[in-house]
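Peer 1: Sharing run_7.tsv, TSV, C-alpha atoms:
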```
chain	number	residue	atom	x	y	z
A	1	MET	CA	23.86	-5.35	5.90
A	2	GLU	CA	23.26	-8.82	7.29
A	3	THR	CA	21.08	-11.61	5.89
A	4	ILE	CA	18.54	-13.99	7.43
A	5	GLN	CA	17.84	-17.16	5.45
A	6	ILE	CA	14.38	-18.76	5.48
A	7	ARG	CA	12.90	-21.85	3.88
A	8	THR	CA	9.11	-21.67	3.61
A	9	GLY	CA	6.97	-24.81	3.37
A	10	ARG	CA	3.67	-23.79	1.80
A	11	ARG	CA	2.34	-21.40	-0.87
A	12	GLU	CA	1.02	-19.00	1.79
A	13	GLU	CA	2.69	-18.89	5.16
A	14	MET	CA	3.55	-16.47	7.92
A	15	ALA	CA	6.94	-17.61	9.21
A	16	ASP	CA	7.97	-16.35	12.66
A	17	ILE	CA	11.41	-14.78	12.22
A	18	THR	CA	11.57	-13.21	15.71
A	19	PRO	CA	14.20	-15.65	17.07
A	20	ALA	CA	16.38	-15.15	13.96
A	21	VAL	CA	16.17	-11.36	14.30
A	22	ARG	CA	17.04	-11.55	18.03
A	23	ARG	CA	20.02	-13.81	17.23
A	24	LEU	CA	21.28	-11.38	14.58
A	25	ILE	CA	21.15	-8.46	17.04
A	26	LYS	CA	23.12	-10.42	19.66
A	27	GLU	CA	25.71	-11.69	17.17
A	28	ASN	CA	26.36	-8.19	15.85
A	29	GLY	CA	26.30	-6.52	19.26
A	30	TRP	CA	23.68	-3.99	18.12
A	31	SER	CA	22.59	-2.09	21.20
A	32	ASP	CA	20.58	1.09	20.67
A	33	GLY	CA	19.01	2.33	17.45
A	34	ILE	CA	16.60	1.29	14.73
A	35	LEU	CA	16.63	-1.88	12.67
A	36	LEU	CA	15.36	-2.02	9.09
A	37	LEU	CA	14.25	-5.46	7.94
A	38	TYR	CA	13.95	-5.55	4.16
A	39	CYS	CA	12.54	-8.30	1.93
A	40	PRO	CA	14.20	-8.32	-1.52
A	41	HIS	CA	11.43	-10.54	-2.96
A	42	THR	CA	8.35	-9.17	-4.73
A	43	THR	CA	6.01	-12.00	-3.69
A	44	GLY	CA	6.70	-11.78	0.04
A	45	ALA	CA	6.34	-9.20	2.82
A	46	ILE	CA	7.29	-8.52	6.42
A	47	THR	CA	4.73	-7.75	9.11
A	48	VAL	CA	4.36	-7.66	12.88
A	49	ASN	CA	1.27	-9.27	14.40
A	50	GLU	CA	0.06	-11.53	17.21
A	51	GLY	CA	2.12	-14.58	18.06
A	52	ALA	CA	0.26	-16.09	21.03
A	53	ASP	CA	-2.65	-17.78	19.22
A	54	PRO	CA	-1.75	-19.48	15.90
A	55	ASP	CA	-5.35	-18.95	14.77
A	56	VAL	CA	-4.56	-15.25	14.22
A	57	VAL	CA	-1.98	-16.07	11.57
A	58	ARG	CA	-4.39	-18.58	10.03
A	59	ASP	CA	-7.20	-15.99	9.98
A	60	ILE	CA	-4.96	-13.36	8.36
A	61	THR	CA	-3.73	-15.78	5.68
A	62	ILE	CA	-7.14	-17.24	4.79
A	63	ASN	CA	-8.87	-13.87	4.64
A	64	MET	CA	-6.12	-12.18	2.61
A	65	ASN	CA	-6.68	-15.01	0.11
A	66	LYS	CA	-10.36	-14.09	-0.04
A	67	LEU	CA	-9.58	-10.41	-0.60
A	68	VAL	CA	-6.92	-11.14	-3.23
A	69	PRO	CA	-7.72	-14.54	-4.76
A	70	LEU	CA	-5.23	-16.77	-6.58
A	71	ASN	CA	-7.30	-16.63	-9.78
A	72	GLY	CA	-8.69	-13.38	-11.13
A	73	ASP	CA	-8.30	-10.69	-13.76
A	74	TYR	CA	-4.54	-11.18	-14.06
A	75	LEU	CA	-2.37	-10.90	-17.20
A	76	HIS	CA	1.02	-11.68	-15.57
A	77	ALA	CA	1.86	-15.15	-16.89
A	78	GLU	CA	3.56	-16.56	-13.79
A	79	GLY	CA	0.26	-17.11	-11.97
A	80	ASN	CA	1.33	-15.20	-8.87
A	81	SER	CA	-0.21	-11.76	-9.34
A	82	ASP	CA	-2.12	-12.27	-6.08
A	83	ALA	CA	1.25	-12.58	-4.30
A	84	HIS	CA	2.54	-9.32	-5.83
A	85	ILE	CA	-0.60	-7.46	-4.75
A	86	LYS	CA	-0.42	-8.80	-1.19
A	87	SER	CA	3.27	-7.86	-1.05
A	88	SER	CA	2.46	-4.18	-1.66
A	89	MET	CA	-0.47	-4.29	0.78
A	90	PHE	CA	1.68	-5.57	3.68
A	91	GLY	CA	4.92	-3.91	2.55
A	92	CYS	CA	8.40	-5.30	2.02
A	93	GLU	CA	10.03	-3.60	5.01
A	94	GLN	CA	9.61	-3.37	8.76
A	95	MET	CA	11.26	-0.91	11.13
A	96	LEU	CA	11.96	-1.97	14.71
A	97	ILE	CA	13.25	-0.20	17.80
A	98	VAL	CA	16.39	-1.67	19.39
A	99	GLU	CA	17.27	-0.78	22.98
A	100	ALA	CA	19.45	-2.54	25.58
A	101	GLY	CA	20.59	-4.95	22.87
A	102	ASP	CA	17.13	-6.27	22.01
A	103	ILE	CA	14.19	-5.46	19.75
A	104	GLN	CA	11.35	-3.74	21.57
A	105	LEU	CA	8.09	-5.57	20.84
A	106	GLY	CA	4.62	-5.34	22.33
A	107	THR	CA	3.50	-8.17	24.64
A	108	TRP	CA	1.85	-10.22	21.89
A	109	GLN	CA	3.94	-9.15	18.89
A	110	LYS	CA	6.03	-11.42	16.71
A	111	ILE	CA	7.81	-10.60	13.45
A	112	TYR	CA	6.66	-12.56	10.41
A	113	PHE	CA	8.00	-13.13	6.95
A	114	CYS	CA	4.86	-13.45	4.84
A	115	GLU	CA	5.27	-15.98	2.07
A	116	PHE	CA	2.68	-15.48	-0.67
A	117	ASP	CA	4.16	-17.69	-3.43
A	118	GLY	CA	6.06	-20.54	-1.77
A	119	PRO	CA	7.46	-22.87	-0.89
A	120	ARG	CA	10.78	-21.16	-1.60
A	121	SER	CA	14.15	-20.23	-0.15
A	122	ARG	CA	13.98	-16.61	0.93
A	123	LYS	CA	16.28	-13.92	2.29
A	124	ILE	CA	15.63	-11.01	4.65
A	125	TRP	CA	18.17	-8.20	4.74
A	126	ALA	CA	18.83	-6.33	8.00
A	127	LYS	CA	20.42	-2.89	8.39
A	128	PHE	CA	21.07	-1.34	11.80
A	129	ILE	CA	21.45	2.40	12.38
B	1	MET	CA	12.46	5.64	23.31
B	2	GLU	CA	9.59	7.89	24.37
B	3	THR	CA	5.91	7.02	24.77
B	4	ILE	CA	2.67	8.71	23.69
B	5	GLN	CA	-0.44	7.67	25.62
B	6	ILE	CA	-3.85	7.55	23.88
B	7	ARG	CA	-7.35	6.71	25.07
B	8	THR	CA	-9.62	5.70	22.19
B	9	GLY	CA	-13.40	6.03	22.42
B	10	ARG	CA	-14.89	3.64	19.88
B	11	ARG	CA	-14.22	0.18	18.40
B	12	GLU	CA	-12.88	1.71	15.18
B	13	GLU	CA	-11.35	5.14	15.26
B	14	MET	CA	-8.59	7.16	13.61
B	15	ALA	CA	-7.18	9.33	16.40
B	16	ASP	CA	-5.15	12.37	15.32
B	17	ILE	CA	-1.83	12.13	17.18
B	18	THR	CA	-0.10	14.96	15.25
B	19	PRO	CA	-0.15	17.44	18.16
B	20	ALA	CA	1.21	14.78	20.55
B	21	VAL	CA	4.04	13.92	18.13
B	22	ARG	CA	4.90	17.62	17.67
B	23	ARG	CA	4.95	18.11	21.46
B	24	LEU	CA	7.27	15.13	21.91
B	25	ILE	CA	9.72	16.53	19.34
B	26	LYS	CA	9.78	19.93	21.08
B	27	GLU	CA	10.13	18.46	24.59
B	28	ASN	CA	13.08	16.30	23.52
B	29	GLY	CA	14.74	18.97	21.39
B	30	TRP	CA	14.89	16.67	18.36
B	31	SER	CA	16.03	18.79	15.44
B	32	ASP	CA	17.14	16.97	12.30
B	33	GLY	CA	16.70	13.27	11.49
B	34	ILE	CA	14.05	10.61	11.14
B	35	LEU	CA	11.40	9.63	13.65
B	36	LEU	CA	10.06	6.10	13.96
B	37	LEU	CA	6.57	5.84	15.45
B	38	TYR	CA	5.85	2.28	16.52
B	39	CYS	CA	2.59	0.76	17.74
B	40	PRO	CA	3.19	-2.17	20.15
B	41	HIS	CA	-0.42	-3.36	19.80
B	42	THR	CA	-1.53	-6.00	17.28
B	43	THR	CA	-5.05	-4.61	16.77
B	44	GLY	CA	-3.97	-1.05	15.93
B	45	ALA	CA	-1.89	0.70	13.29
B	46	ILE	CA	-0.34	4.05	12.42
B	47	THR	CA	-1.03	5.87	9.17
B	48	VAL	CA	-0.73	9.31	7.60
B	49	ASN	CA	-3.72	10.64	5.68
B	50	GLU	CA	-5.88	13.73	5.11
B	51	GLY	CA	-6.82	15.82	8.10
B	52	ALA	CA	-8.79	18.70	6.58
B	53	ASP	CA	-12.13	16.99	5.96
B	54	PRO	CA	-13.28	14.56	8.69
B	55	ASP	CA	-15.27	12.67	6.04
B	56	VAL	CA	-12.01	11.20	4.73
B	57	VAL	CA	-11.33	9.43	8.02
B	58	ARG	CA	-14.97	8.31	8.12
B	59	ASP	CA	-14.75	6.96	4.55
B	60	ILE	CA	-11.52	5.06	5.30
B	61	THR	CA	-12.92	3.51	8.49
B	62	ILE	CA	-16.30	2.49	7.02
B	63	ASN	CA	-14.82	1.03	3.87
B	64	MET	CA	-12.05	-0.89	5.65
B	65	ASN	CA	-14.89	-2.49	7.66
B	66	LYS	CA	-16.50	-3.57	4.39
B	67	LEU	CA	-13.25	-5.05	3.09
B	68	VAL	CA	-12.47	-6.79	6.38
B	69	PRO	CA	-15.76	-7.38	8.21
B	70	LEU	CA	-16.14	-7.95	11.97
B	71	ASN	CA	-17.72	-11.37	11.37
B	72	GLY	CA	-16.28	-13.86	8.91
B	73	ASP	CA	-14.27	-17.06	8.56
B	74	TYR	CA	-12.32	-16.51	11.76
B	75	LEU	CA	-11.11	-19.12	14.29
B	76	HIS	CA	-9.38	-16.76	16.74
B	77	ALA	CA	-11.66	-16.80	19.79
B	78	GLU	CA	-11.32	-13.15	20.85
B	79	GLY	CA	-13.60	-11.90	18.08
B	80	ASN	CA	-11.09	-9.36	16.77
B	81	SER	CA	-9.47	-11.11	13.80
B	82	ASP	CA	-10.66	-8.27	11.58
B	83	ALA	CA	-8.57	-5.89	13.70
B	84	HIS	CA	-5.44	-8.06	13.34
B	85	ILE	CA	-5.86	-8.18	9.55
B	86	LYS	CA	-6.33	-4.41	9.28
B	87	SER	CA	-3.27	-3.89	11.49
B	88	SER	CA	-1.03	-5.71	8.99
B	89	MET	CA	-2.67	-3.93	6.03
B	90	PHE	CA	-1.95	-0.45	7.43
B	91	GLY	CA	1.23	-1.39	9.31
B	92	CYS	CA	2.29	-0.84	12.90
B	93	GLU	CA	4.98	1.77	12.17
B	94	GLN	CA	5.35	5.13	10.48
B	95	MET	CA	8.57	6.91	9.55
B	96	LEU	CA	8.63	10.71	9.50
B	97	ILE	CA	11.19	13.31	8.45
B	98	VAL	CA	12.23	15.82	11.13
B	99	GLU	CA	13.91	19.08	10.11
B	100	ALA	CA	14.26	22.43	11.88
B	101	GLY	CA	12.78	20.84	15.01
B	102	ASP	CA	9.48	19.79	13.43
B	103	ILE	CA	7.97	16.88	11.49
B	104	GLN	CA	7.74	17.56	7.77
B	105	LEU	CA	4.20	16.83	6.60
B	106	GLY	CA	2.36	17.51	3.35
B	107	THR	CA	-0.22	20.31	3.35
B	108	TRP	CA	-3.17	18.03	4.17
B	109	GLN	CA	-1.40	15.31	6.14
B	110	LYS	CA	-2.10	14.33	9.72
B	111	ILE	CA	-0.74	11.36	11.67
B	112	TYR	CA	-3.33	8.90	12.92
B	113	PHE	CA	-3.36	6.07	15.40
B	114	CYS	CA	-5.83	3.60	13.91
B	115	GLU	CA	-7.86	1.85	16.58
B	116	PHE	CA	-9.43	-1.35	15.24
B	117	ASP	CA	-10.54	-3.00	18.52
B	118	GLY	CA	-11.32	-0.26	21.03
B	119	PRO	CA	-12.12	1.52	23.09
B	120	ARG	CA	-8.80	0.97	24.87
B	121	SER	CA	-5.79	2.68	26.42
B	122	ARG	CA	-2.98	2.58	23.86
B	123	LYS	CA	0.68	3.46	23.63
B	124	ILE	CA	2.80	4.67	20.71
B	125	TRP	CA	6.56	4.39	21.01
B	126	ALA	CA	8.79	7.01	19.37
B	127	LYS	CA	12.49	6.63	18.50
B	128	PHE	CA	14.50	9.48	16.97
B	129	ILE	CA	17.68	8.98	14.94
C	1	MET	CA	15.84	16.59	2.72
C	2	GLU	CA	15.90	16.36	-1.06
C	3	THR	CA	12.96	16.32	-3.48
C	4	ILE	CA	12.08	14.20	-6.52
C	5	GLN	CA	9.57	15.75	-8.92
C	6	ILE	CA	7.13	13.55	-10.86
C	7	ARG	CA	4.42	14.26	-13.40
C	8	THR	CA	1.86	11.45	-13.60
C	9	GLY	CA	-0.24	10.86	-16.70
C	10	ARG	CA	-3.32	8.92	-15.64
C	11	ARG	CA	-5.73	8.70	-12.69
C	12	GLU	CA	-4.13	5.47	-11.49
C	13	GLU	CA	-0.50	4.79	-12.29
C	14	MET	CA	2.58	3.16	-10.82
C	15	ALA	CA	5.47	5.38	-11.90
C	16	ASP	CA	8.95	3.83	-11.74
C	17	ILE	CA	11.08	6.26	-9.70
C	18	THR	CA	14.10	3.92	-9.36
C	19	PRO	CA	16.32	5.90	-11.78
C	20	ALA	CA	15.44	9.19	-10.03
C	21	VAL	CA	16.27	7.69	-6.62
C	22	ARG	CA	19.59	6.31	-7.91
C	23	ARG	CA	20.45	9.72	-9.40
C	24	LEU	CA	19.69	11.46	-6.10
C	25	ILE	CA	22.00	9.10	-4.20
C	26	LYS	CA	24.85	9.71	-6.65
C	27	GLU	CA	24.37	13.49	-6.71
C	28	ASN	CA	24.45	13.69	-2.92
C	29	GLY	CA	27.28	11.19	-2.48
C	30	TRP	CA	25.24	9.08	-0.05
C	31	SER	CA	27.23	5.93	0.57
C	32	ASP	CA	26.13	3.73	3.48
C	33	GLY	CA	22.93	4.00	5.50
C	34	ILE	CA	19.17	3.99	5.14
C	35	LEU	CA	17.07	6.13	2.86
C	36	LEU	CA	13.54	7.25	3.74
C	37	LEU	CA	11.34	8.07	0.75
C	38	TYR	CA	8.28	10.01	1.89
C	39	CYS	CA	5.21	11.01	-0.11
C	40	PRO	CA	3.64	14.25	1.20
C	41	HIS	CA	0.41	13.62	-0.74
C	42	THR	CA	-2.62	11.84	0.77
C	43	THR	CA	-3.83	10.30	-2.51
C	44	GLY	CA	-0.53	8.66	-3.45
C	45	ALA	CA	1.80	6.04	-1.99
C	46	ILE	CA	5.24	4.51	-2.44
C	47	THR	CA	5.81	0.80	-2.91
C	48	VAL	CA	8.43	-1.66	-4.12
C	49	ASN	CA	7.34	-4.42	-6.51
C	50	GLU	CA	8.28	-6.25	-9.69
C	51	GLY	CA	9.66	-4.25	-12.58
C	52	ALA	CA	10.45	-6.92	-15.19
C	53	ASP	CA	6.95	-7.60	-16.54
C	54	PRO	CA	4.70	-4.52	-16.93
C	55	ASP	CA	1.67	-6.81	-16.48
C	56	VAL	CA	2.44	-6.99	-12.75
C	57	VAL	CA	1.90	-3.27	-12.32
C	58	ARG	CA	-1.23	-3.50	-14.46
C	59	ASP	CA	-2.57	-6.38	-12.35
C	60	ILE	CA	-1.89	-4.54	-9.09
C	61	THR	CA	-3.59	-1.35	-10.32
C	62	ILE	CA	-6.68	-3.03	-11.81
C	63	ASN	CA	-7.25	-5.27	-8.81
C	64	MET	CA	-6.76	-2.51	-6.23
C	65	ASN	CA	-9.51	-0.68	-8.13
C	66	LYS	CA	-11.77	-3.69	-7.66
C	67	LEU	CA	-11.02	-3.89	-3.94
C	68	VAL	CA	-11.47	-0.14	-3.44
C	69	PRO	CA	-13.74	1.15	-6.21
C	70	LEU	CA	-13.97	4.75	-7.39
C	71	ASN	CA	-17.66	4.93	-6.47
C	72	GLY	CA	-18.96	3.65	-3.15
C	73	ASP	CA	-20.20	4.65	0.30
C	74	TYR	CA	-18.16	7.84	0.39
C	75	LEU	CA	-19.10	11.21	1.94
C	76	HIS	CA	-15.90	13.11	1.09
C	77	ALA	CA	-17.00	15.55	-1.61
C	78	GLU	CA	-13.84	15.51	-3.75
C	79	GLY	CA	-14.65	12.12	-5.27
C	80	ASN	CA	-11.28	10.61	-4.37
C	81	SER	CA	-11.96	8.66	-1.18
C	82	ASP	CA	-10.80	5.50	-2.97
C	83	ALA	CA	-7.41	7.15	-3.43
C	84	HIS	CA	-7.15	8.04	0.28
C	85	ILE	CA	-7.96	4.45	1.28
C	86	LYS	CA	-5.41	2.99	-1.12
C	87	SER	CA	-2.80	5.46	0.16
C	88	SER	CA	-3.10	4.08	3.70
C	89	MET	CA	-3.12	0.48	2.44
C	90	PHE	CA	0.17	0.88	0.55
C	91	GLY	CA	1.67	3.51	2.87
C	92	CYS	CA	3.21	6.90	2.17
C	93	GLU	CA	6.81	5.94	2.96
C	94	GLN	CA	9.43	3.42	1.88
C	95	MET	CA	12.70	2.59	3.61
C	96	LEU	CA	15.64	1.42	1.53
C	97	ILE	CA	19.11	0.13	2.33
C	98	VAL	CA	22.02	2.08	0.80
C	99	GLU	CA	25.46	0.44	0.57
C	100	ALA	CA	28.47	1.17	-1.67
C	101	GLY	CA	26.70	4.30	-2.91
C	102	ASP	CA	23.62	2.54	-4.29
C	103	ILE	CA	20.20	1.31	-3.13
C	104	GLN	CA	20.12	-2.41	-2.46
C	105	LEU	CA	17.19	-3.94	-4.34
C	106	GLY	CA	16.16	-7.53	-5.04
C	107	THR	CA	16.68	-8.84	-8.58
C	108	TRP	CA	13.19	-7.93	-9.78
C	109	GLN	CA	12.44	-4.96	-7.56
C	110	LYS	CA	11.69	-1.43	-8.70
C	111	ILE	CA	10.50	1.53	-6.63
C	112	TYR	CA	7.13	2.96	-7.60
C	113	PHE	CA	5.26	6.13	-6.85
C	114	CYS	CA	1.61	5.02	-6.81
C	115	GLU	CA	-0.67	7.67	-8.24
C	116	PHE	CA	-4.29	7.08	-7.16
C	117	ASP	CA	-5.84	10.44	-8.16
C	118	GLY	CA	-3.92	11.81	-11.11
C	119	PRO	CA	-2.80	13.07	-13.42
C	120	ARG	CA	-0.92	15.52	-11.19
C	121	SER	CA	2.46	17.01	-10.41
C	122	ARG	CA	3.84	15.16	-7.38
C	123	LYS	CA	6.81	15.35	-5.03
C	124	ILE	CA	8.71	12.66	-3.16
C	125	TRP	CA	10.90	13.71	-0.25
C	126	ALA	CA	14.10	11.80	0.49
C	127	LYS	CA	16.03	11.78	3.78
C	128	PHE	CA	19.30	9.87	4.18
C	129	ILE	CA	20.67	8.71	7.55
```
Would you give me this structure, written as structure tokens?
Peer 2:
Amino acid sequence: METIQIRTGRREEMADITPAVRRLIKENGWSDGILLLYCPHTTGAITVNEGADPDVVRDITINMNKLVPLNGDYLHAEGNSDAHIKSSMFGCEQMLIVEAGDIQLGTWQKIYFCEFDGPRSRKIWAKFI
Amino acid sequence: METIQIRTGRREEMADITPAVRRLIKENGWSDGILLLYCPHTTGAITVNEGADPDVVRDITINMNKLVPLNGDYLHAEGNSDAHIKSSMFGCEQMLIVEAGDIQLGTWQKIYFCEFDGPRSRKIWAKFI
Amino acid sequence: METIQIRTGRREEMADITPAVRRLIKENGWSDGILLLYCPHTTGAITVNEGADPDVVRDITINMNKLVPLNGDYLHAEGNSDAHIKSSMFGCEQMLIVEAGDIQLGTWQKIYFCEFDGPRSRKIWAKFI
């Protein structure tokens, strides 16, 4: 497997990793198959959503914080139970179709690493089949 | 990859695409492997859930609308931020097991395209490995 | 495909299936590829989250019950609509990377079968590519 390195800048953030994923595919000469992106962290996630209007990412982040607030009925002492919950809601992996040496995305889609407990240095693993 | 075409009829809808997926597998002679269903739209999702009692789909749809309401603290001007949030919560892809030329589903499972901002014409991409 | 058998003990439970998955990989001699874990039940899910502090699993379970309560605006007569909703939120499948004959997990990650309507006997299907 290959690794993408990310440095997030805020506690909650949706970082566009589309260019990094495209670069990885080109560098490895992956042409036709499926690509598994896997986040080995339990307070992050990977999702695909709109990339044209930055307000979409803002709306997702703000409203996920309302659904799963920072402070609540949590026993876990690290103060990041909200991040663990959001991680399972969005999921730690993303499957993508690769054809003609590129990921196949919808017109408005971008791939995001969702940081729920940053800022931190993060890794995304990639496995091509 | 292959494409399934759908026409949804309401703003929120869970459209059963199981027969279309089964047809695609037969037409392409896919026999043993895994099938990636991928939704290229950012206001839709794919999920697997119960198909015996239509009240289940109704209960999921109504209660997701309560969790993520149409109107809220949204800046995105298209009025469909709720749909983008629900898309990331359910996820835009679904992996399925194919054996003996058919998808392997649990007794009550059906595959649904989740429309969160319809009615629209939609596409599902399918890649078999 | 192969099958993992589980017996859950409570209505809501996150059962650590990591040892069972590791055993399956060894028994089948799977070495390098991707592994699809698939839950054929519509009131369960599979997720990856922290396994070091049991309070994390407790916090996820308790707070998912607050988001999606047992009693609500539900028509489905079996009294488990909450479980169906949570199943689609967490998702019925999980993809994992296999290298050198073992699943590749982050430092704190464990694989959980999420029981939302137990206690029951459950199955997880596994397909290696």
Peer 1: Quick one: contact table of segment 30-72 of chain C to segment 63-82 of chain B, 9 Å max, nearest atom pair and distance in Å to one decimal per residue, counting only C-alpha atoms, chain and number order, as a tab-separated table?
Peer 2:
```
residue	atom	partner	partner_atom	distance
C:Leu67	CA	B:Leu67	CA	7.5
C:Val68	CA	B:Asn63	CA	8.1
C:Gly72	CA	B:Asn63	CA	8.6
```
Peer 1: So for segment 45-63 of chain B, what box centre and size do we get, axis-aligned, 6 Å extra on each of the six sides, every listed atom, Å to one decimal, as AutoDock Vina command-line options?
Peer 2:
```
--center_x -8.3 --center_y 9.7 --center_z 8.6 --size_x 28.0 --size_y 30.0 --size_z 21.4
```
Peer 1: Please report as a VMD selection string which residues of chain C come no farther than 7 Å from chain A, using only C-alpha atoms.
Peer 2: chain C and resid 47 to 50 55 to 56 59 to 60 89 to 90 95 97 105 to 106 109
Peer 1: The selected residues should be written to file as a compact mmCIF listing (two decimals), keeping the file's coordinate frame (atoms: C-alpha atoms).
Peer 2:
```txt
# COMPACT_ATOMS: atom_id res chain seq x y z
CA THR C 47 5.81 0.80 -2.91
CA VAL C 48 8.43 -1.66 -4.12
CA ASN C 49 7.34 -4.42 -6.51
CA GLU C 50 8.28 -6.25 -9.69
CA ASP C 55 1.67 -6.81 -16.48
CA VAL C 56 2.44 -6.99 -12.75
CA ASP C 59 -2.57 -6.38 -12.35
CA ILE C 60 -1.89 -4.54 -9.09
CA MET C 89 -3.12 0.48 2.44
CA PHE C 90 0.17 0.88 0.55
CA MET C 95 12.70 2.59 3.61
CA ILE C 97 19.11 0.13 2.33
CA LEU C 105 17.19 -3.94 -4.34
CA GLY C 106 16.16 -7.53 -5.04
CA GLN C 109 12.44 -4.96 -7.56
```
Peer 1: Would you please work out which residue, of C:Glu2, C:Asp32, C:Glu27, C:Asp16, is nearest to Gly101 of chain C when using only C-alpha atoms?
Peer 2: C:Asp32
Peer 1: Go through C:Thr8, C:Thr18, C:Thr3, C:Asn28 and flag the residue nearest Leu96 of chain C, using only C-alpha atoms for the distances.
Peer 2: C:Thr18
Peer 1: Please produce segment 81-93 of chain A, completed to N, CA, C and O atoms, as a JSON list (two decimals), in the frame of the given file.
Peer 2:
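Listed below is the output, rebuild-v6.json:
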```json
[["chain", "number", "residue", "atom", "x", "y", "z"],
["A", 81, "SER", "N", 0.13, -13.18, -9.49],
["A", 81, "SER", "CA", -0.21, -11.76, -9.34],
["A", 81, "SER", "C", -0.81, -11.48, -7.97],
["A", 81, "SER", "O", -0.58, -10.40, -7.39],
["A", 82, "ASP", "N", -1.57, -12.44, -7.43],
["A", 82, "ASP", "CA", -2.12, -12.27, -6.08],
["A", 82, "ASP", "C", -0.99, -11.99, -5.07],
["A", 82, "ASP", "O", -1.12, -11.15, -4.19],
["A", 83, "ALA", "N", 0.11, -12.74, -5.23],
["A", 83, "ALA", "CA", 1.25, -12.58, -4.30],
["A", 83, "ALA", "C", 1.87, -11.19, -4.42],
["A", 83, "ALA", "O", 2.25, -10.57, -3.42],
["A", 84, "HIS", "N", 1.99, -10.67, -5.64],
["A", 84, "HIS", "CA", 2.54, -9.32, -5.83],
["A", 84, "HIS", "C", 1.64, -8.27, -5.18],
["A", 84, "HIS", "O", 2.13, -7.31, -4.57],
["A", 85, "ILE", "N", 0.33, -8.43, -5.34],
["A", 85, "ILE", "CA", -0.60, -7.46, -4.75],
["A", 85, "ILE", "C", -0.51, -7.48, -3.22],
["A", 85, "ILE", "O", -0.40, -6.44, -2.57],
["A", 86, "LYS", "N", -0.50, -8.70, -2.65],
["A", 86, "LYS", "CA", -0.42, -8.80, -1.19],
["A", 86, "LYS", "C", 0.91, -8.24, -0.68],
["A", 86, "LYS", "O", 0.96, -7.66, 0.41],
["A", 87, "SER", "N", 1.96, -8.39, -1.45],
["A", 87, "SER", "CA", 3.27, -7.86, -1.05],
["A", 87, "SER", "C", 3.22, -6.34, -0.86],
["A", 87, "SER", "O", 3.73, -5.80, 0.13],
["A", 88, "SER", "N", 2.56, -5.64, -1.80],
["A", 88, "SER", "CA", 2.46, -4.18, -1.66],
["A", 88, "SER", "C", 1.48, -3.78, -0.56],
["A", 88, "SER", "O", 1.63, -2.72, 0.06],
["A", 89, "MET", "N", 0.48, -4.62, -0.29],
["A", 89, "MET", "CA", -0.47, -4.29, 0.78],
["A", 89, "MET", "C", 0.18, -4.41, 2.16],
["A", 89, "MET", "O", -0.10, -3.60, 3.05],
["A", 90, "PHE", "N", 1.02, -5.39, 2.37],
["A", 90, "PHE", "CA", 1.68, -5.57, 3.68],
["A", 90, "PHE", "C", 3.01, -4.83, 3.73],
["A", 90, "PHE", "O", 3.46, -4.45, 4.80],
["A", 91, "GLY", "N", 3.67, -4.66, 2.59],
["A", 91, "GLY", "CA", 4.92, -3.91, 2.55],
["A", 91, "GLY", "C", 6.14, -4.79, 2.72],
["A", 91, "GLY", "O", 6.12, -5.74, 3.51],
["A", 92, "CYS", "N", 7.22, -4.45, 2.02],
["A", 92, "CYS", "CA", 8.40, -5.30, 2.02],
["A", 92, "CYS", "C", 9.40, -4.92, 3.09],
["A", 92, "CYS", "O", 10.48, -5.53, 3.17],
["A", 93, "GLU", "N", 9.09, -3.91, 3.92],
["A", 93, "GLU", "CA", 10.03, -3.60, 5.01],
["A", 93, "GLU", "C", 9.32, -3.47, 6.34],
["A", 93, "GLU", "O", 8.11, -3.27, 6.41]]
```
